[in-house]
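Q: Got a structure here, written out as structure tokens. Questions coming.
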Amino acid sequence: MLTLLKLKLPETLKAVAPLITVITFLQFTVVGASADVFLQFLAGAALVTVGLLLLLTGIDFGILPMGRFIGGKLAEKNSIPLLLVVAFALGFATTAAEPDVLVLAGQVDEASQGALRQQPLVYLISAGVGLSVAIAFYRVVRGFSMRALLTVLLALMIVSTFAAPAGWIPLAYDAGSVTTGALTGPVVLAVALGVSAVIAGRSAVNDGFGLLGIASIGPIILILIIGVLAR
Amino acid sequence: MTESALLADILRTARGVALAVFPLAALFAVFQALFLRLPRLEITRIAIGTLLAAVGLFLFLLGVAVGFMPFGKAIGEAVGAMPQQWLVVLFGAALGFVTTWGEPAVRVLADQVEQASAGAIRQGLVLLAMCIGVAVAVGLGMLRIAYELPLVWMLVPGYVLVIALVWMSDRGFVAIAVDSGGVATGPLANTFLLALALGASGAVAGRDPLTHGLGLVALISLAPIIALMVLGFIVRLKERSTEVGS
């Protein structure tokens, strides 16, 4: 693990250096925030750097193997209902717990002056993610075309965009993209790679990926449709 | 920053991390008990890794909450007061690039792509394509706010383009590309880019932040999809020309 930490250190520094550089440049050219706020930013940057190092190491060391074990076992069990239940649970539970989703739901609650409540919105988005993760896993197992599935889902999304009230559109599209956070993303990715590794004839590149993307499209369609119904 | 505000941030972040880790730990515990039955060594490894990731996520999010949020607000205010719109576009693009570059989930995805493709698709290439995609998206998003273009004018043509690219791009890139849309919008983007958008949209009085500020996230998740699919299209064209050549 120590070697892994050492291995991740240069990557971490490379990851945060441009952000810190650009922010520092902005501070001294146009932003000119108070010294307090800038010092706070630098302290935050130190925390973010250490945090990112531990996070990336922990994901590589424990989280990704965990996901791959679960995915591999799921595929071995060869039971479609079990796979669908686990996929839905994985999508729902991790999304409902994702801080990003709460933040977004809170912002919407606030911006809409309480017309759209935070907690129901969180569950709604989570159910959308759960459903789409289940569909995406089903695709991996049955091996039908990613291209066809995406075309259908995106076409549905575009059509419902035209049908939904204008105010719902940014909300729906934002809801879709805040669902895959720093922990959920890697786990879902690893489970999918685990499933595709065990099922014969699946390629990791074609079948191991795509779940996160589909998990983001699901809640977009769901909220757009609710928008259509609510008008 | 007062001590009580800091304490509140610490508690909120700790709660968020605990909430994010709990369902994963529960899922694993159920799996371990029912099906997996991994040896103790593997369990220890997974537990240590999860703990490390949880502590890391806590520090990362705390740094974002304590250090980045106030500065994000300052950027938003500065942008709101700025007379030159083109500068805002430039800032947006620069911030879009560097936030994506630092986003943890983006790095994990790029890493996994390199591993899954056995090195055929390099991590750096995926990362760069995504960062360029987000930079363009944020730039366009700022233009959209400045000129009050409806979000739909960008989203619908964008996703129609994605449908076309799904069939034109190299098959291996299609799945990776849709995933990239999901990971580009992490905590860093949410802090800096949303603050930028809210600042820019607040600059014009009477604008509804719900329809003008937040739509940026939608563009940020669309852009890397297009960027990676275009990359896949280029790869496919190159392969075809080498086939014809040989």
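Every chain in the structure tokens takes a letter, A first, then B, and so on in the order presented; its residues are numbered from 1, and the ligands are numbered from 1 following the presented order.
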Compute the chain A side of the contact with chain B at 6 Å, counting only C-alpha atoms, and hand it back as a ChimeraX atom specification.

A: /A:15-16,18-19,31,40-41,44,47-48,51-52,54-55,58-59,61-63,93,97-99,111,147,151,170,173-174,177,180,182,204-206,209-210,212-213,216

Q: Using C-alpha atoms, can you write the selected residues to a file as a short mmCIF file (atom, residue, chain, number, x, y, z; two decimals), in the first residue's frame?

A:
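See again_11.cif below for the written result:
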data_model
loop_
_atom_site.label_atom_id
_atom_site.label_comp_id
_atom_site.auth_asym_id
_atom_site.auth_seq_id
_atom_site.Cartn_x
_atom_site.Cartn_y
_atom_site.Cartn_z
CA ALA A 15 -3.99 16.63 -10.96
CA VAL A 16 -4.26 19.63 -8.65
CA PRO A 18 -3.15 23.38 -12.82
CA LEU A 19 -6.20 24.26 -10.73
CA VAL A 31 -10.81 38.32 -8.69
CA GLN A 40 -8.58 29.80 3.02
CA PHE A 41 -8.37 28.63 -0.59
CA GLY A 44 -8.39 24.05 1.23
CA LEU A 47 -6.63 19.40 2.22
CA VAL A 48 -7.85 18.60 -1.29
CA GLY A 51 -7.56 13.92 0.34
CA LEU A 52 -7.21 13.16 -3.37
CA LEU A 54 -5.76 8.99 -0.10
CA LEU A 55 -8.95 8.74 -2.15
CA GLY A 58 -8.00 3.75 -1.43
CA ILE A 59 -10.07 3.33 -4.61
CA PHE A 61 -6.43 -0.64 -3.21
CA GLY A 62 -9.86 -1.58 -1.91
CA ILE A 63 -12.85 -0.14 -3.75
CA ALA A 93 -28.65 3.43 -2.58
CA ALA A 97 -26.49 8.92 -0.40
CA GLU A 98 -24.46 11.00 -2.84
CA PRO A 99 -23.78 14.46 -1.36
CA ALA A 111 -34.43 28.32 -6.38
CA ARG A 147 -25.29 1.62 -30.05
CA THR A 151 -29.88 5.59 -29.77
CA PRO A 170 -32.21 22.54 -17.06
CA TYR A 173 -30.37 17.65 -17.38
CA ASP A 174 -28.59 18.74 -14.22
CA SER A 177 -25.20 14.62 -14.31
CA THR A 180 -22.21 9.78 -10.34
CA ALA A 182 -16.42 10.24 -6.46
CA ALA A 204 -14.03 -5.16 -21.28
CA VAL A 205 -13.86 -2.09 -23.49
CA ASN A 206 -17.23 -2.59 -25.20
CA PHE A 209 -18.16 0.65 -19.77
CA GLY A 210 -21.29 2.62 -20.52
CA LEU A 212 -22.31 5.37 -15.70
CA GLY A 213 -23.44 7.10 -18.86
CA SER A 216 -27.01 9.55 -16.00
#

Q: When you count only C-alpha atoms, which of these residues is closest to Phe233 (chain B): B:Leu198, B:Ala189, B:Ser169, B:Gly92?

A: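 The answer is B:Ser169, which sits nearest to Phe233 (chain B).
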
Q: Counting only C-alpha atoms, which of B:Val126, B:Leu7, B:Met142, B:Val230 gets nearest to Ser201 (chain B)?

A: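 Among B:Val126, B:Leu7, B:Met142, B:Val230, it is B:Met142 that comes nearest to Ser201 (chain B).
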
Q: Out of B:Met229, B:Leu90, B:Ile234, B:Ala5, which residue has the shortest atom-to-atom distance to Leu161 (chain B) when counting only C-alpha atoms?

A: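 Closest to Leu161 (chain B) of all the choices is B:Met229.
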